[in-house]
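Structure, as structure tokens:
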Amino acid sequence: MNVPVTRPVVIFGTLRSASLARYCLEHDSALRVAAFTVDAEYARDREHEGLPLVAFEELETRFGPEDCRLLIPMGYQGINGVRRARYEAAKRRGYDFASYISSRASTWPDLVTGDNVMIHEHAIVQPFSRIGSNCIIRSGAHLSHHCEVADHAFVAAEAAMGGGCRIGEQAFLGVGSVLRDGIHVAARSFIGAGAVVIADTEADAVYVGNPARKLARSAMEVSGTW
């Protein structure tokens, strides 16, 4: 269970990832969710799921940095660039971030993570692995010993890494993907669902299949936008 904090949490987003984050915090942490926030163009209502919905650009008017912490659980749109942009914007405005590690995840007491990290149920993070800031680790993912996940990355459900793998900034590992030990996934690489990666990847490239092969399309093309 997470350590209790006095400041409530404001969740960025109104899509399914935001609903999931709220459910996890309310049922498996000591954190209290106070509101949701989105970019002004999407803030068409004043409430979401019974809580206040505040335009991100005007967040300080209701929930200042001294009053709350943020959690940004967004997906991998724009090869994780959309989540990164909101995270960095909030940080510049003085906001701190909450993190969530499921009580059902398997981690060790000396696990090192950054802020705005979500590690879901049945994920396994072995000793000597490190996770940067603004990362999402979905259910059942397996990070073997001495793995490193850089800032702004997304590891989907059941993805498995052998020992000593390094995941670059904004990289994405799809559902059920497999990395041989020692693999380096370059920044903003997109590893498709079920891909088996047996060699280091290139930045901004897309890899699919078993063994994984590089496609002609870029990671930005296949990862969508907000």
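Quick note on naming: the chains in the structure tokens go A, B, ... in the order shown, residues restart at 1 in each chain, and ligands are numbered from 1 in order of appearance.
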
Discussion item. List as a list of chain:residue names the protein and nucleic acid residues near Gly114 (chain A), meaning an atom at most 12 Å away when only C-alpha atoms are counted, but skip any in the same chain fewer than 4 places from it.
Written reply: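 Residues meeting the cut-off are A:Asp96, A:Phe97, A:Ala98, A:Ser99, A:Tyr100, A:Ile101, A:Met118, A:Ile119, A:Arg130, A:Ile131, A:Gly132, A:Ser133, A:Asn134, A:Cys135, A:Ile136, A:Glu148, A:Val149, A:Ala150, A:Asp151, A:His152, A:Ala153.
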
Residue subset to file, keeping N, CA and C atoms, as a PDB file, in the first residue's frame:
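Writing the result to result_37.pdb gives the following:
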ATOM      1  N   ASP A  96       3.872  18.895  -8.132  1.00  0.00           N
ATOM      2  CA  ASP A  96       4.452  17.593  -7.816  1.00  0.00           C
ATOM      3  C   ASP A  96       3.532  16.503  -8.351  1.00  0.00           C
ATOM      4  N   PHE A  97       4.012  15.267  -8.316  1.00  0.00           N
ATOM      5  CA  PHE A  97       3.263  14.166  -8.900  1.00  0.00           C
ATOM      6  C   PHE A  97       3.122  13.013  -7.913  1.00  0.00           C
ATOM      7  N   ALA A  98       1.981  12.358  -7.997  1.00  0.00           N
ATOM      8  CA  ALA A  98       1.763  11.123  -7.269  1.00  0.00           C
ATOM      9  C   ALA A  98       2.235   9.952  -8.127  1.00  0.00           C
ATOM     10  N   SER A  99       2.462   8.821  -7.503  1.00  0.00           N
ATOM     11  CA  SER A  99       2.728   7.558  -8.199  1.00  0.00           C
ATOM     12  C   SER A  99       1.854   6.486  -7.576  1.00  0.00           C
ATOM     13  N   TYR A 100       1.686   5.397  -8.300  1.00  0.00           N
ATOM     14  CA  TYR A 100       0.891   4.281  -7.811  1.00  0.00           C
ATOM     15  C   TYR A 100       1.620   2.979  -8.110  1.00  0.00           C
ATOM     16  N   ILE A 101       1.861   2.187  -7.079  1.00  0.00           N
ATOM     17  CA  ILE A 101       2.397   0.835  -7.234  1.00  0.00           C
ATOM     18  C   ILE A 101       1.386  -0.107  -6.611  1.00  0.00           C
ATOM     19  N   MET A 118       3.108   4.570 -12.734  1.00  0.00           N
ATOM     20  CA  MET A 118       2.058   3.617 -12.399  1.00  0.00           C
ATOM     21  C   MET A 118       2.556   2.206 -12.698  1.00  0.00           C
ATOM     22  N   ILE A 119       2.524   1.350 -11.688  1.00  0.00           N
ATOM     23  CA  ILE A 119       2.895  -0.062 -11.838  1.00  0.00           C
ATOM     24  C   ILE A 119       1.681  -0.879 -11.415  1.00  0.00           C
ATOM     25  N   ARG A 130      15.465  -0.333 -12.496  1.00  0.00           N
ATOM     26  CA  ARG A 130      15.162   1.058 -12.222  1.00  0.00           C
ATOM     27  C   ARG A 130      14.122   1.541 -13.231  1.00  0.00           C
ATOM     28  N   ILE A 131      13.223   2.383 -12.755  1.00  0.00           N
ATOM     29  CA  ILE A 131      12.170   2.935 -13.607  1.00  0.00           C
ATOM     30  C   ILE A 131      12.198   4.449 -13.473  1.00  0.00           C
ATOM     31  N   GLY A 132      12.255   5.134 -14.593  1.00  0.00           N
ATOM     32  CA  GLY A 132      12.328   6.589 -14.581  1.00  0.00           C
ATOM     33  C   GLY A 132      10.994   7.246 -14.283  1.00  0.00           C
ATOM     34  N   SER A 133      10.905   8.533 -14.544  1.00  0.00           N
ATOM     35  CA  SER A 133       9.694   9.307 -14.282  1.00  0.00           C
ATOM     36  C   SER A 133       8.707   9.194 -15.442  1.00  0.00           C
ATOM     37  N   ASN A 134       7.425   9.365 -15.117  1.00  0.00           N
ATOM     38  CA  ASN A 134       6.362   9.447 -16.108  1.00  0.00           C
ATOM     39  C   ASN A 134       6.248   8.163 -16.922  1.00  0.00           C
ATOM     40  N   CYS A 135       6.371   7.028 -16.252  1.00  0.00           N
ATOM     41  CA  CYS A 135       6.319   5.721 -16.912  1.00  0.00           C
ATOM     42  C   CYS A 135       5.060   4.960 -16.508  1.00  0.00           C
ATOM     43  N   ILE A 136       4.548   4.155 -17.442  1.00  0.00           N
ATOM     44  CA  ILE A 136       3.413   3.277 -17.197  1.00  0.00           C
ATOM     45  C   ILE A 136       3.894   1.840 -17.364  1.00  0.00           C
ATOM     46  N   GLU A 148      16.551  -1.309 -17.050  1.00  0.00           N
ATOM     47  CA  GLU A 148      16.396   0.129 -16.870  1.00  0.00           C
ATOM     48  C   GLU A 148      15.331   0.634 -17.835  1.00  0.00           C
ATOM     49  N   VAL A 149      14.349   1.328 -17.300  1.00  0.00           N
ATOM     50  CA  VAL A 149      13.292   1.937 -18.105  1.00  0.00           C
ATOM     51  C   VAL A 149      13.432   3.445 -17.975  1.00  0.00           C
ATOM     52  N   ALA A 150      13.728   4.119 -19.069  1.00  0.00           N
ATOM     53  CA  ALA A 150      13.961   5.560 -19.028  1.00  0.00           C
ATOM     54  C   ALA A 150      12.643   6.324 -18.927  1.00  0.00           C
ATOM     55  N   ASP A 151      12.749   7.621 -18.714  1.00  0.00           N
ATOM     56  CA  ASP A 151      11.581   8.481 -18.540  1.00  0.00           C
ATOM     57  C   ASP A 151      10.610   8.369 -19.718  1.00  0.00           C
ATOM     58  N   HIS A 152       9.320   8.513 -19.400  1.00  0.00           N
ATOM     59  CA  HIS A 152       8.237   8.659 -20.383  1.00  0.00           C
ATOM     60  C   HIS A 152       7.963   7.387 -21.199  1.00  0.00           C
ATOM     61  N   ALA A 153       8.404   6.240 -20.736  1.00  0.00           N
ATOM     62  CA  ALA A 153       8.183   4.995 -21.474  1.00  0.00           C
ATOM     63  C   ALA A 153       6.850   4.351 -21.071  1.00  0.00           C
TER      64      ALA A 153
END

Item to complete: Determine, counting only C-alpha atoms, which protein, DNA and RNA residues have an atom within 7 Å of an atom of Val175 (chain A); residues of the same chain fewer than 3 positions away are not included. Present the result as number ranges by chain.
Response: A: 156-159, 193-194

Can you write just those residues out, N, CA and C atoms, as a tab-separated table (two decimals), in the first residue's frame?
chain	number	residue	atom	x	y	z
A	156	ALA	N	3.48	-2.30	-21.92
A	156	ALA	CA	2.12	-2.82	-21.93
A	156	ALA	C	2.02	-4.16	-21.19
A	157	ALA	N	0.79	-4.64	-21.04
A	157	ALA	CA	0.52	-5.86	-20.28
A	157	ALA	C	1.27	-7.05	-20.85
A	158	GLU	N	1.84	-7.83	-19.94
A	158	GLU	CA	2.51	-9.11	-20.26
A	158	GLU	C	3.79	-8.95	-21.09
A	159	ALA	N	4.26	-7.74	-21.30
A	159	ALA	CA	5.57	-7.58	-21.94
A	159	ALA	C	6.64	-8.15	-21.02
A	193	ALA	N	2.69	-5.58	-30.53
A	193	ALA	CA	2.19	-6.66	-29.70
A	193	ALA	C	2.76	-7.99	-30.16
A	194	GLY	N	3.27	-8.77	-29.24
A	194	GLY	CA	3.78	-10.09	-29.53
A	194	GLY	C	5.12	-10.15	-30.23

Fill in: Which of region 67-192 of chain A fall in strand (DSSP E), as a VMD selection string
chain A and resid 69 to 71 100 to 101 112 to 113 118 to 119 124 to 125 130 to 131 136 to 137 142 to 143 148 to 149 154 to 155 160 to 161 166 to 167 172 to 173 178 to 179 184 to 185 190 to 191

Selection above as a file: N, CA and C atoms, as an mmCIF file, in the first residue's frame:
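Dumped to out.cif:
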data_model
loop_
_atom_site.group_PDB
_atom_site.id
_atom_site.type_symbol
_atom_site.label_atom_id
_atom_site.label_comp_id
_atom_site.auth_asym_id
_atom_site.auth_seq_id
_atom_site.Cartn_x
_atom_site.Cartn_y
_atom_site.Cartn_z
ATOM 1 N N ARG A 69 -1.443 17.117 -5.762
ATOM 2 C CA ARG A 69 -0.452 16.523 -6.646
ATOM 3 C C ARG A 69 -1.172 16.013 -7.891
ATOM 4 N N LEU A 70 -0.445 15.890 -8.999
ATOM 5 C CA LEU A 70 -1.042 15.408 -10.241
ATOM 6 C C LEU A 70 -0.666 13.962 -10.497
ATOM 7 N N LEU A 71 -1.523 13.287 -11.233
ATOM 8 C CA LEU A 71 -1.207 11.979 -11.799
ATOM 9 C C LEU A 71 -1.656 12.013 -13.249
ATOM 10 N N TYR A 100 1.686 5.397 -8.300
ATOM 11 C CA TYR A 100 0.891 4.281 -7.811
ATOM 12 C C TYR A 100 1.620 2.979 -8.110
ATOM 13 N N ILE A 101 1.861 2.187 -7.079
ATOM 14 C CA ILE A 101 2.397 0.835 -7.234
ATOM 15 C C ILE A 101 1.386 -0.107 -6.611
ATOM 16 N N VAL A 112 13.896 1.699 -7.252
ATOM 17 C CA VAL A 112 14.052 3.129 -7.520
ATOM 18 C C VAL A 112 13.155 3.505 -8.690
ATOM 19 N N THR A 113 12.254 4.464 -8.470
ATOM 20 C CA THR A 113 11.416 4.991 -9.544
ATOM 21 C C THR A 113 11.431 6.511 -9.494
ATOM 22 N N MET A 118 3.108 4.570 -12.734
ATOM 23 C CA MET A 118 2.058 3.617 -12.399
ATOM 24 C C MET A 118 2.556 2.206 -12.698
ATOM 25 N N ILE A 119 2.524 1.350 -11.688
ATOM 26 C CA ILE A 119 2.895 -0.062 -11.838
ATOM 27 C C ILE A 119 1.681 -0.879 -11.415
ATOM 28 N N ILE A 124 5.969 -7.686 -12.413
ATOM 29 C CA ILE A 124 7.127 -8.170 -11.656
ATOM 30 C C ILE A 124 8.314 -7.276 -11.988
ATOM 31 N N VAL A 125 8.889 -6.676 -10.976
ATOM 32 C CA VAL A 125 10.084 -5.851 -11.152
ATOM 33 C C VAL A 125 11.167 -6.437 -10.252
ATOM 34 N N ARG A 130 15.465 -0.333 -12.496
ATOM 35 C CA ARG A 130 15.162 1.058 -12.222
ATOM 36 C C ARG A 130 14.122 1.541 -13.231
ATOM 37 N N ILE A 131 13.223 2.383 -12.755
ATOM 38 C CA ILE A 131 12.170 2.935 -13.607
ATOM 39 C C ILE A 131 12.198 4.449 -13.473
ATOM 40 N N ILE A 136 4.548 4.155 -17.442
ATOM 41 C CA ILE A 136 3.413 3.277 -17.197
ATOM 42 C C ILE A 136 3.894 1.840 -17.364
ATOM 43 N N ILE A 137 3.660 1.014 -16.337
ATOM 44 C CA ILE A 137 3.981 -0.418 -16.385
ATOM 45 C C ILE A 137 2.668 -1.159 -16.156
ATOM 46 N N HIS A 142 6.907 -8.019 -17.034
ATOM 47 C CA HIS A 142 8.022 -8.632 -16.310
ATOM 48 C C HIS A 142 9.311 -7.897 -16.648
ATOM 49 N N LEU A 143 9.879 -7.240 -15.648
ATOM 50 C CA LEU A 143 11.172 -6.579 -15.786
ATOM 51 C C LEU A 143 12.187 -7.401 -15.008
ATOM 52 N N GLU A 148 16.551 -1.309 -17.050
ATOM 53 C CA GLU A 148 16.396 0.129 -16.870
ATOM 54 C C GLU A 148 15.331 0.634 -17.835
ATOM 55 N N VAL A 149 14.349 1.328 -17.300
ATOM 56 C CA VAL A 149 13.292 1.937 -18.105
ATOM 57 C C VAL A 149 13.432 3.445 -17.975
ATOM 58 N N PHE A 154 6.402 3.395 -21.892
ATOM 59 C CA PHE A 154 5.158 2.667 -21.647
ATOM 60 C C PHE A 154 5.422 1.193 -21.910
ATOM 61 N N VAL A 155 5.189 0.369 -20.893
ATOM 62 C CA VAL A 155 5.369 -1.085 -21.001
ATOM 63 C C VAL A 155 3.994 -1.718 -20.851
ATOM 64 N N ALA A 160 7.664 -8.796 -21.590
ATOM 65 C CA ALA A 160 8.684 -9.471 -20.782
ATOM 66 C C ALA A 160 10.072 -9.067 -21.244
ATOM 67 N N MET A 161 10.913 -8.687 -20.303
ATOM 68 C CA MET A 161 12.292 -8.294 -20.593
ATOM 69 C C MET A 161 13.252 -9.262 -19.911
ATOM 70 N N ARG A 166 17.594 -2.364 -21.568
ATOM 71 C CA ARG A 166 17.511 -0.914 -21.389
ATOM 72 C C ARG A 166 16.447 -0.373 -22.347
ATOM 73 N N ILE A 167 15.480 0.323 -21.771
ATOM 74 C CA ILE A 167 14.370 0.872 -22.543
ATOM 75 C C ILE A 167 14.542 2.382 -22.601
ATOM 76 N N PHE A 172 7.921 2.378 -26.456
ATOM 77 C CA PHE A 172 6.675 1.662 -26.194
ATOM 78 C C PHE A 172 6.885 0.179 -26.455
ATOM 79 N N LEU A 173 6.525 -0.658 -25.459
ATOM 80 C CA LEU A 173 6.557 -2.110 -25.617
ATOM 81 C C LEU A 173 5.124 -2.609 -25.629
ATOM 82 N N VAL A 178 8.384 -9.551 -26.241
ATOM 83 C CA VAL A 178 9.456 -10.243 -25.523
ATOM 84 C C VAL A 178 10.799 -9.670 -25.951
ATOM 85 N N LEU A 179 11.651 -9.353 -24.984
ATOM 86 C CA LEU A 179 12.990 -8.844 -25.260
ATOM 87 C C LEU A 179 14.024 -9.816 -24.727
ATOM 88 N N HIS A 184 18.850 -3.320 -26.041
ATOM 89 C CA HIS A 184 18.636 -1.880 -25.888
ATOM 90 C C HIS A 184 17.547 -1.453 -26.865
ATOM 91 N N VAL A 185 16.416 -1.005 -26.314
ATOM 92 C CA VAL A 185 15.339 -0.446 -27.119
ATOM 93 C C VAL A 185 15.561 1.061 -27.156
ATOM 94 N N PHE A 190 8.907 1.737 -31.184
ATOM 95 C CA PHE A 190 7.577 1.165 -30.993
ATOM 96 C C PHE A 190 7.682 -0.334 -31.251
ATOM 97 N N ILE A 191 7.498 -1.121 -30.192
ATOM 98 C CA ILE A 191 7.568 -2.578 -30.304
ATOM 99 C C ILE A 191 6.136 -3.105 -30.314
#

Item to complete: For region 86-95 of chain A, list every protein, DNA or RNA residue within 8 Å, evaluated using only C-alpha atoms, and leave out those in the same chain fewer than 3 positions away; present the list as a PyMOL selection string.
Response: chain A and resi 64-66+68-70+72+82-83+134

Export of the given selection (N, CA and C atoms) as a PDB file, in the first residue's frame:
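Wrote out_33.pdb, looks like this:
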ATOM      1  N   GLY A  64      -4.087  24.596  -6.802  1.00  0.00           N
ATOM      2  CA  GLY A  64      -2.722  25.058  -6.998  1.00  0.00           C
ATOM      3  C   GLY A  64      -1.692  24.006  -6.624  1.00  0.00           C
ATOM      4  N   PRO A  65      -0.425  24.236  -6.982  1.00  0.00           N
ATOM      5  CA  PRO A  65       0.640  23.268  -6.664  1.00  0.00           C
ATOM      6  C   PRO A  65       0.775  22.973  -5.178  1.00  0.00           C
ATOM      7  N   GLU A  66       0.395  23.920  -4.347  1.00  0.00           N
ATOM      8  CA  GLU A  66       0.486  23.701  -2.902  1.00  0.00           C
ATOM      9  C   GLU A  66      -0.705  22.898  -2.375  1.00  0.00           C
ATOM     10  N   CYS A  68      -2.413  20.233  -4.190  1.00  0.00           N
ATOM     11  CA  CYS A  68      -2.640  18.895  -4.740  1.00  0.00           C
ATOM     12  C   CYS A  68      -1.380  18.375  -5.412  1.00  0.00           C
ATOM     13  N   ARG A  69      -1.443  17.117  -5.762  1.00  0.00           N
ATOM     14  CA  ARG A  69      -0.452  16.523  -6.646  1.00  0.00           C
ATOM     15  C   ARG A  69      -1.172  16.013  -7.891  1.00  0.00           C
ATOM     16  N   LEU A  70      -0.445  15.890  -8.999  1.00  0.00           N
ATOM     17  CA  LEU A  70      -1.042  15.408 -10.241  1.00  0.00           C
ATOM     18  C   LEU A  70      -0.666  13.962 -10.497  1.00  0.00           C
ATOM     19  N   ILE A  72      -0.727  11.714 -14.148  1.00  0.00           N
ATOM     20  CA  ILE A  72      -1.017  11.755 -15.583  1.00  0.00           C
ATOM     21  C   ILE A  72      -0.880  10.337 -16.125  1.00  0.00           C
ATOM     22  N   VAL A  82       2.673  12.968 -25.946  1.00  0.00           N
ATOM     23  CA  VAL A  82       1.576  13.772 -25.393  1.00  0.00           C
ATOM     24  C   VAL A  82       1.636  13.751 -23.874  1.00  0.00           C
ATOM     25  N   ARG A  83       1.824  12.567 -23.297  1.00  0.00           N
ATOM     26  CA  ARG A  83       1.952  12.474 -21.841  1.00  0.00           C
ATOM     27  C   ARG A  83       3.181  13.240 -21.355  1.00  0.00           C
ATOM     28  N   ASN A 134       7.425   9.365 -15.117  1.00  0.00           N
ATOM     29  CA  ASN A 134       6.362   9.447 -16.108  1.00  0.00           C
ATOM     30  C   ASN A 134       6.248   8.163 -16.922  1.00  0.00           C
TER      31      ASN A 134
END

Fill in: Near-Arg180 (chain A) list (9 Å; only C-alpha atoms; drop same-chain fewer than 4 positions) as a PyMOL selection string
chain A and resi 160-163+165+196-199

File of the preceding selection, N, CA and C atoms, as a PDB file, in the first residue's frame:
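Resulting contents of again-v3.pdb:
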ATOM      1  N   ALA A 160       7.664  -8.796 -21.590  1.00  0.00           N
ATOM      2  CA  ALA A 160       8.684  -9.471 -20.782  1.00  0.00           C
ATOM      3  C   ALA A 160      10.072  -9.067 -21.244  1.00  0.00           C
ATOM      4  N   MET A 161      10.913  -8.687 -20.303  1.00  0.00           N
ATOM      5  CA  MET A 161      12.292  -8.294 -20.593  1.00  0.00           C
ATOM      6  C   MET A 161      13.252  -9.262 -19.911  1.00  0.00           C
ATOM      7  N   GLY A 162      14.238  -9.740 -20.640  1.00  0.00           N
ATOM      8  CA  GLY A 162      15.317 -10.491 -20.021  1.00  0.00           C
ATOM      9  C   GLY A 162      16.207  -9.569 -19.216  1.00  0.00           C
ATOM     10  N   GLY A 163      17.135 -10.136 -18.475  1.00  0.00           N
ATOM     11  CA  GLY A 163      17.996  -9.346 -17.614  1.00  0.00           C
ATOM     12  C   GLY A 163      18.813  -8.318 -18.372  1.00  0.00           C
ATOM     13  N   CYS A 165      18.067  -5.453 -19.781  1.00  0.00           N
ATOM     14  CA  CYS A 165      17.521  -4.685 -20.909  1.00  0.00           C
ATOM     15  C   CYS A 165      17.460  -3.203 -20.554  1.00  0.00           C
ATOM     16  N   VAL A 196       9.055 -10.329 -30.885  1.00  0.00           N
ATOM     17  CA  VAL A 196      10.172 -10.934 -30.161  1.00  0.00           C
ATOM     18  C   VAL A 196      11.447 -10.240 -30.631  1.00  0.00           C
ATOM     19  N   VAL A 197      12.022  -9.430 -29.749  1.00  0.00           N
ATOM     20  CA  VAL A 197      13.151  -8.577 -30.117  1.00  0.00           C
ATOM     21  C   VAL A 197      14.448  -9.269 -29.718  1.00  0.00           C
ATOM     22  N   ILE A 198      15.289  -9.553 -30.712  1.00  0.00           N
ATOM     23  CA  ILE A 198      16.544 -10.265 -30.448  1.00  0.00           C
ATOM     24  C   ILE A 198      17.767  -9.424 -30.800  1.00  0.00           C
ATOM     25  N   ALA A 199      17.544  -8.159 -31.213  1.00  0.00           N
ATOM     26  CA  ALA A 199      18.653  -7.251 -31.511  1.00  0.00           C
ATOM     27  C   ALA A 199      18.246  -5.838 -31.119  1.00  0.00           C
TER      28      ALA A 199
END

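Comparing the minimum interatomic distances between Arg32 (chain A) and each of A:Phe63, A:Ser19, A:Arg7, A:Glu47, counting only C-alpha atoms, we find that A:Arg7 sits nearest.
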
Worksheet item: Could you name the residues that touch Ala187 (chain A) at 7 Å or less, counting only C-alpha atoms, but leaving out those on the same chain fewer than 2 positions away, as JSON, numbers by chain?
Response: {"A": [168, 169, 170, 171, 185, 189, 203, 204]}

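Comparing A:Ala34, A:Ala195, A:Ala216, A:Ala105 by their smallest distance to Gly140 (chain A), the closest is A:Ala105 (using only C-alpha atoms).
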
Worksheet item: region 31-176 of chain A: which residues are helix (DSSP H, G or I) by DSSP, as a PyMOL selection string?
Response: chain A and resi 40-42+56-61+81-92

Dump N, CA and C atoms for the selected residues as a compact mmCIF listing (two decimals), in the first residue's frame?
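Saved as again_7.txt:
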# COMPACT_ATOMS: atom_id res chain seq x y z
N ALA A 40 -8.17 22.69 -22.16
CA ALA A 40 -9.39 23.50 -22.15
C ALA A 40 -10.36 23.10 -23.26
N GLU A 41 -9.84 22.73 -24.41
CA GLU A 41 -10.73 22.40 -25.53
C GLU A 41 -11.56 21.14 -25.28
N TYR A 42 -11.14 20.32 -24.33
CA TYR A 42 -11.89 19.11 -23.98
C TYR A 42 -12.69 19.25 -22.71
N PHE A 56 -6.95 22.38 -17.77
CA PHE A 56 -5.55 22.30 -17.35
C PHE A 56 -4.91 23.68 -17.32
N GLU A 57 -5.23 24.51 -18.29
CA GLU A 57 -4.65 25.85 -18.37
C GLU A 57 -5.06 26.73 -17.19
N GLU A 58 -6.15 26.39 -16.53
CA GLU A 58 -6.67 27.19 -15.41
C GLU A 58 -6.62 26.43 -14.09
N LEU A 59 -5.83 25.39 -14.03
CA LEU A 59 -5.85 24.52 -12.86
C LEU A 59 -5.51 25.25 -11.57
N GLU A 60 -4.60 26.22 -11.63
CA GLU A 60 -4.19 26.94 -10.42
C GLU A 60 -5.34 27.69 -9.75
N THR A 61 -6.38 28.02 -10.52
CA THR A 61 -7.49 28.76 -9.94
C THR A 61 -8.31 27.92 -8.96
N GLY A 81 4.68 11.08 -26.41
CA GLY A 81 5.02 12.51 -26.39
C GLY A 81 3.94 13.38 -25.80
N VAL A 82 2.67 12.97 -25.95
CA VAL A 82 1.58 13.77 -25.39
C VAL A 82 1.64 13.75 -23.87
N ARG A 83 1.82 12.57 -23.30
CA ARG A 83 1.95 12.47 -21.84
C ARG A 83 3.18 13.24 -21.35
N ARG A 84 4.28 13.13 -22.09
CA ARG A 84 5.50 13.84 -21.70
C ARG A 84 5.27 15.35 -21.70
N ALA A 85 4.59 15.87 -22.72
CA ALA A 85 4.38 17.32 -22.82
C ALA A 85 3.56 17.83 -21.64
N ARG A 86 2.50 17.10 -21.25
CA ARG A 86 1.68 17.54 -20.12
C ARG A 86 2.47 17.43 -18.81
N TYR A 87 3.23 16.38 -18.67
CA TYR A 87 4.06 16.20 -17.48
C TYR A 87 5.06 17.35 -17.33
N GLU A 88 5.75 17.68 -18.41
CA GLU A 88 6.76 18.74 -18.35
C GLU A 88 6.11 20.11 -18.13
N ALA A 89 4.93 20.32 -18.73
CA ALA A 89 4.23 21.59 -18.53
C ALA A 89 3.83 21.75 -17.07
N ALA A 90 3.30 20.68 -16.48
CA ALA A 90 2.90 20.75 -15.07
C ALA A 90 4.09 20.97 -14.16
N LYS A 91 5.20 20.33 -14.48
CA LYS A 91 6.41 20.48 -13.67
C LYS A 91 6.91 21.92 -13.71
N ARG A 92 6.86 22.54 -14.88
CA ARG A 92 7.28 23.94 -14.99
C ARG A 92 6.39 24.85 -14.15

Discussion item. As an exercise, work out the distance from CA of Glu202 (chain A) to CA of Asn116 (chain A) in Å and give it to one decimal place.
Written reply: 26.3 Å

Response to the item:
Pairwise distance, CA of Ile11 (chain A) with CA of Val222 (chain A), equals 25.9 Å

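Candidate residues A:Ala21, A:Val206, A:Val10, A:Leu15 were compared for distance to Thr37 (chain A), and the nearest is A:Val10, using only C-alpha atoms.
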
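The nearest approach to Gly75 (chain A) among the residues A:Ser129, A:Arg62, A:Gly13, A:Tyr23, with only C-alpha atoms taken into account, belongs to A:Gly13.
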
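In terms of minimum interatomic distance to Val33 (chain A), A:Pro8 ranks closest within A:Gly164, A:Gly182, A:Pro8, A:Pro127, counting only C-alpha atoms.
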
Worksheet item: In Å to one decimal, how far is CA of Ser106 (chain A) from CA of Asn210 (chain A)?
Response: 28.0 Å

Worksheet item: Which residue, A:Thr107, A:Thr14, A:Ser223, A:Ser139, has the smallest gap to Arg188 (chain A) when you use only C-alpha atoms?
Response: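 Of A:Thr107, A:Thr14, A:Ser223, A:Ser139, the one nearest Arg188 (chain A) is A:Ser223, counting only C-alpha atoms.
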